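Notes for the one structure printed next.
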Amino acid sequence: MGTRGKLEVDIELKSSADKFWQIIRDSTTIFPKAFPHDYKSIEILEGDGKAAGSVRHITYADGSAIVKSSVEKIEAADDAKKTVTYAVIDGDLLQYYKKFKGHITVTPVGEGSEIKWTAEYEKASQEVPDPTIIKEFAVKNFLEVDAYIQNA
């Protein structure tokens, strides 16, 4: 029997919510070019890569800790509210977690913004650790996007 859990993190960003959200929404194109140390490629398998129902295959760069490849399905996306929900439907992560769903919300805060990332998961077994390594990767990635925008 697996164990369910939830991880959350809020990160203050220097970038405006609109600029940050635009990069997140264009991650299929931008991430492999701007962050080749993390992403080899992001390929759209179904849909436009942004709308609900879209499916993307992400190949991570060499050195990625536990995940080399994942297939994500966008379950919901709302550009007005700057929210997106995705589920991992195939790939290495599912060896450890029966279910893995991420939710991103970008909110304006003064001149900058805040991003909230939440992951809901169900472990494949009791021995599997909480996905804190995935949380750390997400935090690093969001901070790199913020720096990328600041340096553009």
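Within each chain, counting starts at residue 1; across the structure tokens, chains are named A, B, ... in the order shown, with ligands numbered 1 upward in that order.
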Could you please write out, as JSON, numbers by chain, every residue of chain A that DSSP assigns to strand (DSSP E)? {"A": [4, 5, 6, 7, 8, 9, 10, 11, 12, 13, 39, 40, 41, 42, 43, 44, 45, 46, 55, 56, 57, 58, 59, 60, 69, 70, 71, 72, 73, 74, 75, 76, 77, 78, 83, 84, 85, 86, 87, 88, 89, 90, 91, 97, 98, 99, 100, 101, 102, 103, 104, 105, 106, 107, 108, 109, 112, 113, 114, 115, 116, 117, 118, 119, 120, 121, 122, 123]}
Find the residues near segment 135-138 of chain A: any atom within 9 Å, counting only C-alpha atoms, skip ones fewer than 3 places away on the same chain, and give them as a VMD selection string. chain A and resid 7 to 9 117 to 119 131 to 132 141 to 143
Residues at most 6 Å from Ser70 of chain A, counting only C-alpha atoms, excluding those fewer than 6 positions away in the same chain, as a ChimeraX atom specification? /A:57-58,90-91
Proximity to Thr83 of chain A - best of A:Phe31, A:Tyr97, A:Phe20, A:Tyr121, only C-alpha atoms: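 Looking at the shortest contact to Thr83 of chain A, the residue is A:Phe20.
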Straight-line distance linking atom CA of Asp62 of chain A with atom CA of Ser41 of chain A, stated in Å to one decimal: 11.6 Å
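The residue that comes closest to Gly53 of chain A, out of A:Ala76, A:Ile115, A:Ile23, A:Val109 and on the basis of only C-alpha atoms, is A:Ala76.
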Counting only C-alpha atoms, what is within 7 Å of His37 of chain A, bar same-chain residues fewer than 2 positions away, as a list in words?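 Within the cut-off, the hits are Phe35, Tyr39 and Ala61 of chain A.
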Find the distance between atom CA of Pro32 of chain A and atom CA of Asn151 of chain A and write it in Å to one decimal. 17.2 Å
Near-Glu46 of chain A list (12 Å; only C-alpha atoms; drop same-chain fewer than 5 positions) as number ranges by chain: A: 51-57, 71-74
Please write the residues from the selection above to a file, keeping C-alpha atoms, as a compact mmCIF listing (two decimals), in the first residue's frame.
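Output file part-v6.txt follows:
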```txt
# COMPACT_ATOMS: atom_id res chain seq x y z
CA ALA A 51 -3.81 23.73 -23.36
CA ALA A 52 -5.52 21.16 -21.15
CA GLY A 53 -5.13 17.74 -22.74
CA SER A 54 -1.68 18.53 -24.17
CA VAL A 55 0.99 15.90 -23.59
CA ARG A 56 4.73 16.66 -23.45
CA HIS A 57 7.75 14.35 -23.32
CA VAL A 71 5.67 12.37 -19.97
CA GLU A 72 3.35 15.01 -18.56
CA LYS A 73 -0.27 15.71 -19.41
CA ILE A 74 -1.61 19.19 -18.81
```
Give me, as CSV, the closest atom pair and its distance (Å, one decimal) for every residue of segment 12-98 of chain A within a cut-off of 10 Å of segment 145-148 of chain A, counting only C-alpha atoms, rows sorted by chain and rising number.
```
residue,atom,partner,partner_atom,distance
A:Glu12,CA,A:Asp146,CA,9.5
A:Leu13,CA,A:Asp146,CA,6.3
A:Lys14,CA,A:Asp146,CA,6.6
A:Ser15,CA,A:Asp146,CA,5.9
A:Ser16,CA,A:Asp146,CA,9.2
A:Lys19,CA,A:Asp146,CA,9.2
A:Phe20,CA,A:Asp146,CA,6.9
A:Ile23,CA,A:Val145,CA,7.5
A:Ile24,CA,A:Val145,CA,8.3
A:Ser27,CA,A:Val145,CA,9.8
A:Ile30,CA,A:Val145,CA,9.8
A:Phe31,CA,A:Val145,CA,8.7
A:Ala34,CA,A:Tyr148,CA,7.7
A:Phe35,CA,A:Val145,CA,8.8
```
Nearby residues (only C-alpha atoms) at most 7 Å from Thr85 of chain A, same-chain spacing under 3 positions excluded, as a ChimeraX atom specification: /A:74-77,102-104
